[in-house]
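**Student:** To be precise about what I am sending: the file is called entry28.tsv and holds TSV, C-alpha atoms.
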```tsv
chain	number	residue	atom	x	y	z
L	1	MET	CA	-5.70	9.00	14.15
L	2	THR	CA	-4.56	5.80	12.48
L	3	GLY	CA	-3.04	6.22	9.04
L	4	GLN	CA	-1.65	2.91	7.76
L	5	ILE	CA	-1.41	-0.78	8.63
L	6	LEU	CA	1.19	-3.40	7.71
L	7	HIS	CA	0.77	-7.12	8.38
L	8	LEU	CA	3.86	-8.92	9.63
L	9	PRO	CA	4.74	-12.27	8.01
L	10	ASP	CA	3.68	-14.34	11.06
L	11	GLY	CA	0.07	-13.29	10.43
L	12	LYS	CA	-0.38	-12.59	14.13
L	13	GLN	CA	0.81	-9.02	14.43
L	14	ILE	CA	0.34	-5.73	12.63
L	15	ILE	CA	2.29	-2.50	12.69
L	16	ILE	CA	0.19	0.64	12.82
L	17	TYR	CA	1.37	4.05	11.74
L	18	SER	CA	-0.60	6.86	13.38
L	19	LEU	CA	-0.91	10.36	12.00
L	20	ASN	CA	0.73	11.73	15.14
L	21	GLY	CA	3.98	10.15	13.94
L	22	SER	CA	4.15	6.97	16.02
L	23	PHE	CA	4.59	3.29	15.15
L	24	ARG	CA	2.95	0.62	17.30
L	25	VAL	CA	2.97	-3.17	17.06
L	26	TRP	CA	-0.36	-4.87	17.90
L	27	ASP	CA	-1.40	-8.45	18.42
L	28	LEU	CA	-4.34	-9.15	16.07
L	29	ARG	CA	-6.14	-11.69	18.22
L	30	SER	CA	-5.80	-10.08	21.63
L	31	GLY	CA	-6.04	-6.52	20.35
L	32	THR	CA	-3.23	-5.42	22.65
L	33	GLN	CA	-0.09	-3.42	21.95
L	34	VAL	CA	3.22	-5.31	21.86
L	35	GLY	CA	6.15	-3.42	23.39
L	36	ASP	CA	6.68	0.32	23.30
L	37	GLU	CA	5.94	2.60	20.39
L	38	TRP	CA	8.80	3.51	18.09
L	39	GLU	CA	10.11	7.01	18.60
L	40	ASP	CA	11.71	9.54	16.29
L	41	ASN	CA	11.83	13.31	16.12
L	42	ASP	CA	10.36	13.60	12.63
L	43	LEU	CA	6.76	13.05	11.59
L	44	TRP	CA	6.26	10.01	9.34
L	45	LEU	CA	4.00	10.17	6.32
L	46	THR	CA	4.21	6.67	4.89
L	47	MET	CA	5.71	3.21	5.39
L	48	ALA	CA	6.33	-0.04	3.49
L	49	LEU	CA	7.48	-3.49	4.60
L	50	SER	CA	10.45	-5.14	2.90
L	51	PRO	CA	9.84	-8.35	0.89
L	52	ASP	CA	11.50	-10.47	3.60
L	53	GLY	CA	9.34	-8.83	6.28
L	54	LYS	CA	12.28	-7.69	8.41
L	55	ILE	CA	12.63	-3.97	7.63
L	56	ILE	CA	10.22	-1.06	7.32
L	57	ALA	CA	10.96	1.92	5.10
L	58	SER	CA	9.33	5.14	6.28
L	59	GLY	CA	9.09	8.56	4.66
L	60	SER	CA	9.29	11.74	6.72
L	61	LEU	CA	8.58	15.45	6.51
L	62	ASP	CA	12.31	16.17	6.60
L	63	GLY	CA	12.81	14.41	3.25
L	64	ALA	CA	14.57	11.34	4.68
L	65	VAL	CA	13.71	7.70	4.06
L	66	ARG	CA	14.45	5.69	7.19
L	67	LEU	CA	14.90	1.93	7.35
L	68	TRP	CA	13.74	0.35	10.61
L	69	ASN	CA	14.49	-3.04	12.13
L	70	ILE	CA	11.05	-4.43	13.02
L	71	TYR	CA	12.47	-6.51	15.90
L	72	THR	CA	14.26	-3.66	17.68
L	73	GLY	CA	12.25	-0.65	16.51
L	74	LYS	CA	15.53	1.13	15.73
L	75	VAL	CA	16.68	2.95	12.61
L	76	ILE	CA	19.22	0.99	10.55
L	77	ILE	CA	20.03	3.74	8.07
L	78	ALA	CA	18.58	7.06	6.92
L	79	LEU	CA	18.55	7.73	3.18
L	80	THR	CA	19.06	11.48	2.86
L	81	GLY	CA	19.65	14.02	0.11
L	82	HIS	CA	16.18	15.36	-0.64
L	83	GLU	CA	14.68	18.42	1.02
L	84	GLU	CA	10.99	17.89	0.26
L	85	ALA	CA	8.73	15.68	2.38
L	86	VAL	CA	8.44	12.01	1.40
L	87	ARG	CA	4.88	11.19	0.37
L	88	THR	CA	5.25	7.51	-0.54
L	89	VAL	CA	7.75	4.63	-0.51
L	90	CYS	CA	7.94	1.15	-2.07
L	91	TRP	CA	10.48	-1.70	-2.04
L	92	SER	CA	11.82	-3.41	-5.13
L	93	PRO	CA	10.80	-7.09	-5.34
L	94	ASN	CA	14.26	-8.33	-4.30
L	95	GLY	CA	14.53	-5.85	-1.43
L	96	GLY	CA	17.71	-4.24	-2.73
L	97	ARG	CA	16.13	-0.91	-3.64
L	98	VAL	CA	13.56	1.54	-2.35
L	99	VAL	CA	11.72	4.08	-4.49
L	100	SER	CA	10.42	7.22	-2.82
L	101	GLY	CA	8.05	9.92	-4.10
L	102	TYR	CA	8.10	13.52	-2.90
L	103	LEU	CA	5.75	16.45	-2.53
L	104	ASP	CA	7.72	18.38	-5.17
L	105	GLY	CA	6.66	15.89	-7.89
L	106	THR	CA	9.95	13.96	-8.06
L	107	PHE	CA	10.97	10.42	-7.19
L	108	ARG	CA	14.25	8.67	-6.40
L	109	VAL	CA	15.48	5.10	-6.36
L	110	TRP	CA	17.85	4.24	-3.50
L	111	ASN	CA	20.39	1.46	-2.98
L	112	VAL	CA	19.49	0.00	0.40
L	113	GLU	CA	23.01	-1.28	1.16
L	114	THR	CA	24.92	1.91	0.36
L	115	GLY	CA	22.21	4.48	1.05
L	116	LYS	CA	23.04	6.16	-2.26
L	117	THR	CA	20.66	7.41	-4.96
L	118	ILE	CA	20.63	5.12	-8.01
L	119	LEU	CA	18.11	7.07	-10.09
L	120	GLY	CA	16.86	10.60	-9.70
L	121	PRO	CA	15.58	12.88	-8.67
L	122	ILE	CA	13.27	12.36	-11.66
L	123	HIS	CA	10.52	14.90	-12.27
L	124	ALA	CA	7.19	13.16	-12.84
L	125	GLY	CA	5.14	16.29	-13.53
L	126	SER	CA	4.01	19.47	-11.85
L	127	HIS	CA	1.84	17.70	-9.27
L	128	ILE	CA	2.55	15.79	-6.07
L	129	ILE	CA	3.50	12.15	-6.44
L	130	ARG	CA	0.93	10.49	-4.22
L	131	VAL	CA	2.03	6.89	-4.67
L	132	VAL	CA	4.89	4.86	-6.16
L	133	CYS	CA	4.90	1.13	-6.85
L	134	TYR	CA	7.39	-1.37	-8.30
L	135	SER	CA	6.01	-3.97	-10.69
L	136	PRO	CA	6.56	-7.54	-9.41
L	137	ASN	CA	8.88	-8.32	-12.33
L	138	ALA	CA	11.01	-5.31	-11.27
L	139	LYS	CA	10.94	-3.86	-14.79
L	140	MET	CA	8.63	-0.90	-14.15
L	141	ILE	CA	7.83	1.73	-11.56
L	142	ALA	CA	4.39	3.30	-11.52
L	143	THR	CA	3.87	6.80	-10.11
L	144	GLY	CA	0.38	8.03	-9.31
L	145	GLY	CA	-1.32	11.31	-8.67
L	146	ALA	CA	-3.15	13.57	-11.12
L	147	ALA	CA	-1.82	11.29	-13.89
L	148	LEU	CA	-0.51	7.74	-13.95
L	149	ARG	CA	3.01	7.33	-15.31
L	150	ILE	CA	5.01	4.18	-15.96
L	151	TRP	CA	8.82	4.28	-15.85
L	152	ASP	CA	11.65	1.92	-16.70
L	153	ALA	CA	12.86	0.78	-13.28
L	154	ASN	CA	16.50	0.52	-14.37
L	155	THR	CA	16.97	3.61	-16.55
L	156	GLY	CA	14.26	5.98	-15.32
L	157	GLU	CA	12.92	6.37	-18.87
L	158	LEU	CA	9.25	7.37	-19.13
L	159	LEU	CA	7.39	4.51	-20.83
L	160	LYS	CA	3.75	5.56	-20.65
L	161	THR	CA	1.55	8.39	-19.42
L	162	LEU	CA	-2.15	7.90	-18.73
L	163	GLU	CA	-3.73	11.31	-18.25
L	164	GLY	CA	-6.94	11.43	-16.27
L	165	VAL	CA	-6.18	8.29	-14.26
L	166	PHE	CA	-6.10	9.79	-10.79
L	167	SER	CA	-4.62	7.47	-8.20
L	168	MET	CA	-3.89	7.69	-4.50
L	169	CYS	CA	-3.01	3.99	-4.42
L	170	LEU	CA	-1.57	1.33	-6.73
L	171	ALA	CA	-1.46	-2.48	-6.78
L	172	TRP	CA	0.03	-4.82	-9.40
L	173	THR	CA	-0.96	-8.43	-9.93
L	174	SER	CA	1.90	-10.89	-9.38
L	175	ASP	CA	2.37	-11.42	-13.14
L	176	SER	CA	2.68	-7.63	-13.71
L	177	LYS	CA	-0.06	-7.86	-16.37
L	178	THR	CA	-2.68	-5.82	-14.49
L	179	LEU	CA	-2.37	-2.63	-12.49
L	180	VAL	CA	-5.11	-1.31	-10.22
L	181	ALA	CA	-4.80	2.46	-9.90
L	182	GLY	CA	-7.36	4.03	-7.61
L	183	GLY	CA	-10.76	3.19	-9.08
L	184	SER	CA	-9.30	1.98	-12.40
L	185	LYS	CA	-8.06	-1.41	-13.61
L	186	ILE	CA	-5.42	-1.34	-16.35
L	187	ASP	CA	-4.21	-4.00	-18.80
L	188	THR	CA	-0.46	-3.34	-19.00
L	189	ALA	CA	-0.11	-5.08	-22.40
L	190	THR	CA	-2.44	-2.61	-24.13
L	191	TRP	CA	-2.72	0.07	-21.42
L	192	THR	CA	-6.49	-0.20	-21.69
L	193	VAL	CA	-8.22	1.50	-18.75
L	194	LEU	CA	-11.37	0.05	-17.21
L	195	GLU	CA	-13.16	2.30	-14.75
L	196	LEU	CA	-14.36	0.24	-11.79
L	197	CYS	CA	-15.99	2.94	-9.71
L	198	ASN	CA	-16.41	6.69	-9.46
L	199	ASP	CA	-15.51	6.84	-5.79
L	200	TYR	CA	-12.42	8.60	-4.49
L	201	VAL	CA	-10.40	5.44	-3.80
L	202	ASN	CA	-7.60	6.07	-1.33
L	203	ALA	CA	-6.47	2.51	-0.47
L	204	ILE	CA	-6.31	-0.84	-2.27
L	205	SER	CA	-5.37	-4.33	-1.11
L	206	LEU	CA	-5.20	-7.47	-3.26
L	207	PHE	CA	-6.23	-10.76	-1.68
L	208	PRO	CA	-3.37	-13.33	-1.64
L	209	ASN	CA	-4.89	-15.36	-4.50
L	210	GLU	CA	-5.68	-12.15	-6.44
L	211	ARG	CA	-9.30	-13.17	-7.07
L	212	ILE	CA	-10.72	-10.38	-4.93
L	213	PHE	CA	-9.51	-7.00	-3.74
L	214	ALA	CA	-10.53	-4.39	-1.20
L	215	SER	CA	-10.83	-0.64	-1.62
L	216	THR	CA	-11.63	2.27	0.64
L	217	SER	CA	-13.24	5.60	-0.20
L	218	PHE	CA	-12.77	8.98	1.47
L	219	ILE	CA	-15.96	10.31	-0.09
L	220	ASN	CA	-18.32	7.53	1.03
L	221	LYS	CA	-16.28	6.65	4.13
L	222	THR	CA	-16.61	2.96	3.30
L	223	ALA	CA	-14.63	-0.18	2.56
L	224	GLN	CA	-15.71	-2.49	-0.27
L	225	LEU	CA	-14.72	-5.94	-1.53
L	226	TRP	CA	-14.53	-6.54	-5.30
L	227	ASN	CA	-14.52	-9.58	-7.57
L	228	PHE	CA	-11.29	-9.11	-9.52
L	229	LYS	CA	-12.40	-11.20	-12.53
L	230	THR	CA	-15.89	-9.76	-13.01
L	231	ASN	CA	-14.98	-6.23	-11.83
L	232	THR	CA	-18.10	-6.11	-9.66
L	233	PRO	CA	-18.54	-5.23	-5.99
L	234	ILE	CA	-19.08	-8.10	-3.57
L	235	GLY	CA	-22.14	-7.40	-1.46
L	236	THR	CA	-22.74	-4.05	0.14
L	237	PRO	CA	-20.05	-1.79	1.62
L	238	LEU	CA	-18.66	-3.39	4.74
L	239	HIS	CA	-19.45	-0.45	6.97
L	240	ARG	CA	-20.34	3.19	6.59
L	241	TYR	CA	-17.95	4.85	8.97
L	242	GLN	CA	-18.46	8.19	10.62
L	243	HIS	CA	-14.85	9.06	9.84
L	244	ASN	CA	-12.53	8.73	6.84
L	245	VAL	CA	-11.26	5.21	6.16
L	246	ARG	CA	-7.47	5.34	5.88
L	247	SER	CA	-6.49	1.76	5.12
L	248	ALA	CA	-7.77	-1.72	4.26
L	249	THR	CA	-5.35	-4.65	4.14
L	250	PHE	CA	-5.71	-8.42	4.02
L	251	SER	CA	-3.86	-10.54	6.54
L	252	THR	CA	-1.06	-12.71	5.15
L	253	ASP	CA	-3.17	-15.87	5.53
L	254	GLY	CA	-6.16	-14.22	3.84
L	255	LYS	CA	-8.54	-14.86	6.73
L	256	PHE	CA	-9.12	-11.26	7.73
L	257	LEU	CA	-9.47	-7.80	6.27
L	258	VAL	CA	-8.27	-5.10	8.64
L	259	THR	CA	-9.51	-1.53	8.24
L	260	CYS	CA	-8.69	1.64	10.13
L	261	CYS	CA	-10.10	5.15	10.10
L	262	ASP	CA	-9.89	8.54	11.74
L	263	ASP	CA	-11.78	7.46	14.86
L	264	SER	CA	-8.53	5.71	15.94
L	265	HIS	CA	-10.20	2.28	15.84
L	266	ILE	CA	-9.06	-0.88	14.04
L	267	TYR	CA	-11.75	-3.13	12.55
L	268	THR	CA	-11.23	-6.80	11.69
L	269	TRP	CA	-13.51	-8.53	9.17
L	270	ASP	CA	-13.91	-12.26	8.48
L	271	VAL	CA	-13.41	-12.51	4.71
L	272	SER	CA	-14.98	-15.97	4.30
L	273	THR	CA	-18.14	-14.83	6.04
L	274	ILE	CA	-18.45	-11.81	3.77
L	275	ILE	CA	-18.09	-14.02	0.68
L	276	LYS	CA	-20.66	-16.50	2.03
L	277	ASP	CA	-23.18	-13.77	2.89
L	278	ALA	CA	-22.82	-12.41	-0.66
L	279	GLY	CA	-23.83	-15.83	-2.04
L	280	LEU	CA	-20.47	-16.45	-3.73
L	281	PRO	CA	-18.50	-19.73	-3.72
L	282	SER	CA	-16.07	-20.19	-0.85
L	283	ASP	CA	-13.21	-21.15	-3.20
L	284	LEU	CA	-13.08	-17.49	-4.25
L	285	VAL	CA	-10.94	-16.93	-1.17
L	286	SER	CA	-9.03	-20.21	-1.22
L	287	ILE	CA	-5.29	-19.65	-0.80
L	288	ASP	CA	-4.68	-23.09	-2.33
L	289	ILE	CA	-5.55	-21.62	-5.73
L	290	LEU	CA	-2.60	-19.28	-5.51
L	291	LEU	CA	-0.24	-21.98	-4.28
L	292	GLY	CA	-1.29	-24.39	-7.01
L	293	HIS	CA	-2.56	-27.09	-4.63
```
Will you turn the file into structure tokens for me?

**Tutor:**
Amino acid sequence: MTGQILHLPDGKQIIIYSLNGSFRVWDLRSGTQVGDEWEDNDLWLTMALSPDGKIIASGSLDGAVRLWNIYTGKVIIALTGHEEAVRTVCWSPNGGRVVSGYLDGTFRVWNVETGKTILGPIHAGSHIIRVVCYSPNAKMIATGGAALRIWDANTGELLKTLEGVFSMCLAWTSDSKTLVAGGSKIDTATWTVLELCNDYVNAISLFPNERIFASTSFINKTAQLWNFKTNTPIGTPLHRYQHNVRSATFSTDGKFLVTCCDDSHIYTWDVSTIIKDAGLPSDLVSIDILLGH
């Protein structure tokens, strides 16, 4: 079963993490595997690509965070010192730190160069930390699960708790002013919560220009595009799968949405066609808007 997908910076390849504990690199256009799968003795639970696109951080059942060279498929360093399984990992915006969340409800911040713990372990509550996410301005870390908590990224001080905001996934806008947490959209200036949907949202991906985003739902076994400004769904769900949808991510050039689910298949969707079929203007998915052209 396929669990997670990362797009490499060249826009041509993806790295797929399968629930059997393997990493594979695939060519998007040919649909073929590139090289051998990456091997390790411990089962991986999560992965995140560094800001420069050269290293993958993975979390394992043995409590270690491993940093992998994407070109060689080899471990550069293992960040150890925690006994509980790693549920989630995220890089700091400058790539110098990694934050990891654990099944015991704690999180740590690691120095990538030294492999040492900078902050933590910090207890974030009695429940599992299901997701961690640095804000783009590097000032905050969000932890999600049964409650959403916001922390000072440098001191570990708890800044805000939003009870009742259940989140399996998190995504910040590039200005750090909005946080999407599961099926909720949050204004970080006022911490006002807007409920977007009642579905059990397990994955989120922001389009490069941040005018649309994609979500997946375990309950409905669907993927859905959303208009970020109007907070409304775009068209009908892309596909009603027979199996749970694990991931939905936009390619780096914004042309495709890639989804995967428990049937071990990868699905590629043409984003412009979906927007056109929904009767929306094509500039909604223009990358030039983001680049200021």

**Student:** Enter the distance from CA of Glu84 in chain L to CA of Thr46 in chain L, in Å, rounded to one decimal.

**Tutor:**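 That distance, rounded to one decimal, is 13.9 Å.
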
**Student:** Please measure the separation of CA of Lys221 in chain L and CA of Ser60 in chain L, giving the value in Å to one decimal.

**Tutor:** 26.2 Å

**Student:** With a cut-off of 12 Å, could you pull out the residues of range 144-211 of chain L touching range 106-130 of chain L and give me the nearest pair of atoms for each, distance in Å to one decimal, using all atoms listed in the file, ordered by chain and ascending number, as JSON lines?

**Tutor:**
```
{"residue": "L:Gly144", "atom": "CA", "partner": "L:Arg130", "partner_atom": "CA", "distance": 5.7}
{"residue": "L:Gly145", "atom": "CA", "partner": "L:Arg130", "partner_atom": "CA", "distance": 5.1}
{"residue": "L:Ala146", "atom": "CA", "partner": "L:His127", "partner_atom": "CA", "distance": 6.7}
{"residue": "L:Ala147", "atom": "CA", "partner": "L:Gly125", "partner_atom": "CA", "distance": 8.6}
{"residue": "L:Leu148", "atom": "CA", "partner": "L:Ala124", "partner_atom": "CA", "distance": 9.5}
{"residue": "L:Arg149", "atom": "CA", "partner": "L:Ala124", "partner_atom": "CA", "distance": 7.6}
{"residue": "L:Ile150", "atom": "CA", "partner": "L:Ala124", "partner_atom": "CA", "distance": 9.8}
{"residue": "L:Trp151", "atom": "CA", "partner": "L:Ala124", "partner_atom": "CA", "distance": 9.5}
{"residue": "L:Asp152", "atom": "CA", "partner": "L:Leu119", "partner_atom": "CA", "distance": 10.6}
{"residue": "L:Ala153", "atom": "CA", "partner": "L:Val109", "partner_atom": "CA", "distance": 8.6}
{"residue": "L:Asn154", "atom": "CA", "partner": "L:Leu119", "partner_atom": "CA", "distance": 8.0}
{"residue": "L:Thr155", "atom": "CA", "partner": "L:Leu119", "partner_atom": "CA", "distance": 7.4}
{"residue": "L:Gly156", "atom": "CA", "partner": "L:Leu119", "partner_atom": "CA", "distance": 6.6}
{"residue": "L:Glu157", "atom": "CA", "partner": "L:Ile122", "partner_atom": "CA", "distance": 9.4}
{"residue": "L:Leu158", "atom": "CA", "partner": "L:Ala124", "partner_atom": "CA", "distance": 8.8}
{"residue": "L:Leu159", "atom": "CA", "partner": "L:Ala124", "partner_atom": "CA", "distance": 11.8}
{"residue": "L:Lys160", "atom": "CA", "partner": "L:Ala124", "partner_atom": "CA", "distance": 11.4}
{"residue": "L:Thr161", "atom": "CA", "partner": "L:Ala124", "partner_atom": "CA", "distance": 9.9}
{"residue": "L:Glu163", "atom": "CA", "partner": "L:Gly125", "partner_atom": "CA", "distance": 11.2}
{"residue": "L:Phe166", "atom": "CA", "partner": "L:Arg130", "partner_atom": "CA", "distance": 9.6}
{"residue": "L:Ser167", "atom": "CA", "partner": "L:Arg130", "partner_atom": "CA", "distance": 7.5}
{"residue": "L:Met168", "atom": "CA", "partner": "L:Arg130", "partner_atom": "CA", "distance": 5.6}
{"residue": "L:Cys169", "atom": "CA", "partner": "L:Arg130", "partner_atom": "CA", "distance": 7.6}
{"residue": "L:Leu170", "atom": "CA", "partner": "L:Arg130", "partner_atom": "CA", "distance": 9.8}
{"residue": "L:Ala181", "atom": "CA", "partner": "L:Arg130", "partner_atom": "CA", "distance": 11.4}
{"residue": "L:Gly182", "atom": "CA", "partner": "L:Arg130", "partner_atom": "CA", "distance": 11.0}
{"residue": "L:Asn202", "atom": "CA", "partner": "L:Arg130", "partner_atom": "CA", "distance": 10.0}
{"residue": "L:Ala203", "atom": "CA", "partner": "L:Arg130", "partner_atom": "CA", "distance": 11.5}
```

**Student:** Figure out the distance between CA of Asp187 in chain L and CA of Phe256 in chain L, please, to one decimal in Å.

**Tutor:**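 Here the two named atoms are 27.9 Å from each other.
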
**Student:** Please list as a PDB file with C-alpha atoms, in the coordinates of the input every residue within 12 Å of Pro233 in chain L, counting all atoms listed in the file and excluding residues in the same chain fewer than 2 positions away.

**Tutor:**
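Wrote part.pdb, looks like this:
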```pdb
ATOM      1  CA  GLY L 183     -10.760   3.190  -9.080  1.00  0.00           C
ATOM      2  CA  LEU L 196     -14.360   0.240 -11.790  1.00  0.00           C
ATOM      3  CA  CYS L 197     -15.990   2.940  -9.710  1.00  0.00           C
ATOM      4  CA  ILE L 212     -10.720 -10.380  -4.930  1.00  0.00           C
ATOM      5  CA  PHE L 213      -9.510  -7.000  -3.740  1.00  0.00           C
ATOM      6  CA  ALA L 214     -10.530  -4.390  -1.200  1.00  0.00           C
ATOM      7  CA  SER L 215     -10.830  -0.640  -1.620  1.00  0.00           C
ATOM      8  CA  ALA L 223     -14.630  -0.180   2.560  1.00  0.00           C
ATOM      9  CA  GLN L 224     -15.710  -2.490  -0.270  1.00  0.00           C
ATOM     10  CA  LEU L 225     -14.720  -5.940  -1.530  1.00  0.00           C
ATOM     11  CA  TRP L 226     -14.530  -6.540  -5.300  1.00  0.00           C
ATOM     12  CA  ASN L 227     -14.520  -9.580  -7.570  1.00  0.00           C
ATOM     13  CA  PHE L 228     -11.290  -9.110  -9.520  1.00  0.00           C
ATOM     14  CA  LYS L 229     -12.400 -11.200 -12.530  1.00  0.00           C
ATOM     15  CA  THR L 230     -15.890  -9.760 -13.010  1.00  0.00           C
ATOM     16  CA  ASN L 231     -14.980  -6.230 -11.830  1.00  0.00           C
ATOM     17  CA  GLY L 235     -22.140  -7.400  -1.460  1.00  0.00           C
ATOM     18  CA  THR L 236     -22.740  -4.050   0.140  1.00  0.00           C
ATOM     19  CA  PRO L 237     -20.050  -1.790   1.620  1.00  0.00           C
ATOM     20  CA  LEU L 238     -18.660  -3.390   4.740  1.00  0.00           C
ATOM     21  CA  ILE L 274     -18.450 -11.810   3.770  1.00  0.00           C
ATOM     22  CA  ILE L 275     -18.090 -14.020   0.680  1.00  0.00           C
ATOM     23  CA  ALA L 278     -22.820 -12.410  -0.660  1.00  0.00           C
ATOM     24  CA  LEU L 280     -20.470 -16.450  -3.730  1.00  0.00           C
TER      25      LEU L 280
END
```

**Student:** Looking at L:Thr273, L:Thr190, L:Thr32, L:Ser247, which one is nearest to Ser217 in chain L, with distances taken over all atoms listed in the file?

**Tutor:** L:Ser247

**Student:** Restricting the calculation to only C-alpha atoms: of L:Gly105, L:Pro281, L:Gly63, L:Gly254, which residue gets closest to Trp269 in chain L?

**Tutor:**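 Answer, going by the shortest atom-to-atom distance: L:Gly254.
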
**Student:** Which protein, DNA or RNA residues have an atom at most 9 Å from (0.4, 3.5, 4.2), counting all atoms listed in the file? List them as an MDAnalysis selection string.

**Tutor:** chainID L and resid 3:6 17 45:48 88:89 203 246:247

**Student:** Name all residues at most 7 Å from Asn94 in chain L (count all atoms listed in the file; drop same-chain ones fewer than 2 positions away) and give them as an MDAnalysis selection string.

**Tutor:** chainID L and resid 51 92 96

**Student:** Listing only residues of range 114-134 of chain L within 12 Å of range 171-180 of chain L, what is the closest atom pair and its distance in Å (to one decimal) for each, using all atoms listed in the file, sorted by chain and residue number ascending, as CSV?

**Tutor:**
```
residue,atom,partner,partner_atom,distance
L:Val131,CA,L:Ala171,CA,10.2
L:Val132,CA,L:Ala171,CA,9.7
L:Cys133,CA,L:Ala171,CA,7.3
L:Tyr134,CA,L:Trp172,CA,8.2
```

**Student:** Which residue out of L:Ser30, L:Gly35, L:Tyr71, L:Cys90 has the minimum interatomic distance to Gly59 in chain L when all atoms listed in the file are used?

**Tutor:** L:Cys90

**Student:** Starting from the sparse input, extend range 169-187 of chain L to N, CA and C atoms and give the output as a short mmCIF file (atom, residue, chain, number, x, y, z; two decimals), in the frame of the given file.

**Tutor:**
```cif
data_model
loop_
_atom_site.label_atom_id
_atom_site.label_comp_id
_atom_site.auth_asym_id
_atom_site.auth_seq_id
_atom_site.Cartn_x
_atom_site.Cartn_y
_atom_site.Cartn_z
N CYS L 169 -3.51 5.30 -4.81
CA CYS L 169 -3.01 3.99 -4.42
C CYS L 169 -2.83 3.13 -5.67
N LEU L 170 -1.89 2.19 -5.60
CA LEU L 170 -1.57 1.33 -6.73
C LEU L 170 -1.37 -0.10 -6.24
N ALA L 171 -1.72 -1.07 -7.09
CA ALA L 171 -1.46 -2.48 -6.78
C ALA L 171 -1.32 -3.26 -8.08
N TRP L 172 -0.20 -3.98 -8.24
CA TRP L 172 0.03 -4.82 -9.40
C TRP L 172 -0.38 -6.26 -9.08
N THR L 173 -0.83 -6.99 -10.09
CA THR L 173 -0.96 -8.43 -9.93
C THR L 173 0.42 -9.05 -10.01
N SER L 174 0.57 -10.27 -9.50
CA SER L 174 1.90 -10.89 -9.38
C SER L 174 2.57 -11.13 -10.72
N ASP L 175 1.79 -11.23 -11.81
CA ASP L 175 2.37 -11.42 -13.14
C ASP L 175 2.67 -10.11 -13.85
N SER L 176 2.43 -8.99 -13.18
CA SER L 176 2.68 -7.63 -13.71
C SER L 176 1.81 -7.28 -14.92
N LYS L 177 0.77 -8.09 -15.19
CA LYS L 177 -0.06 -7.86 -16.37
C LYS L 177 -1.24 -6.92 -16.10
N THR L 178 -1.56 -6.70 -14.84
CA THR L 178 -2.68 -5.82 -14.49
C THR L 178 -2.25 -4.89 -13.37
N LEU L 179 -2.66 -3.64 -13.50
CA LEU L 179 -2.37 -2.63 -12.49
C LEU L 179 -3.69 -1.99 -12.06
N VAL L 180 -3.95 -2.02 -10.77
CA VAL L 180 -5.11 -1.31 -10.22
C VAL L 180 -4.62 0.03 -9.71
N ALA L 181 -5.20 1.10 -10.25
CA ALA L 181 -4.80 2.46 -9.90
C ALA L 181 -6.03 3.23 -9.44
N GLY L 182 -6.16 3.39 -8.13
CA GLY L 182 -7.36 4.03 -7.61
C GLY L 182 -8.58 3.24 -7.99
N GLY L 183 -9.54 3.87 -8.66
CA GLY L 183 -10.76 3.19 -9.08
C GLY L 183 -10.69 2.63 -10.48
N SER L 184 -9.47 2.46 -11.03
CA SER L 184 -9.30 1.98 -12.40
C SER L 184 -8.49 0.68 -12.42
N LYS L 185 -8.79 -0.16 -13.39
CA LYS L 185 -8.06 -1.41 -13.61
C LYS L 185 -7.45 -1.35 -15.01
N ILE L 186 -6.14 -1.60 -15.12
CA ILE L 186 -5.42 -1.34 -16.35
C ILE L 186 -4.71 -2.59 -16.84
N ASP L 187 -4.93 -2.92 -18.12
CA ASP L 187 -4.21 -4.00 -18.80
C ASP L 187 -2.87 -3.43 -19.25
#
```
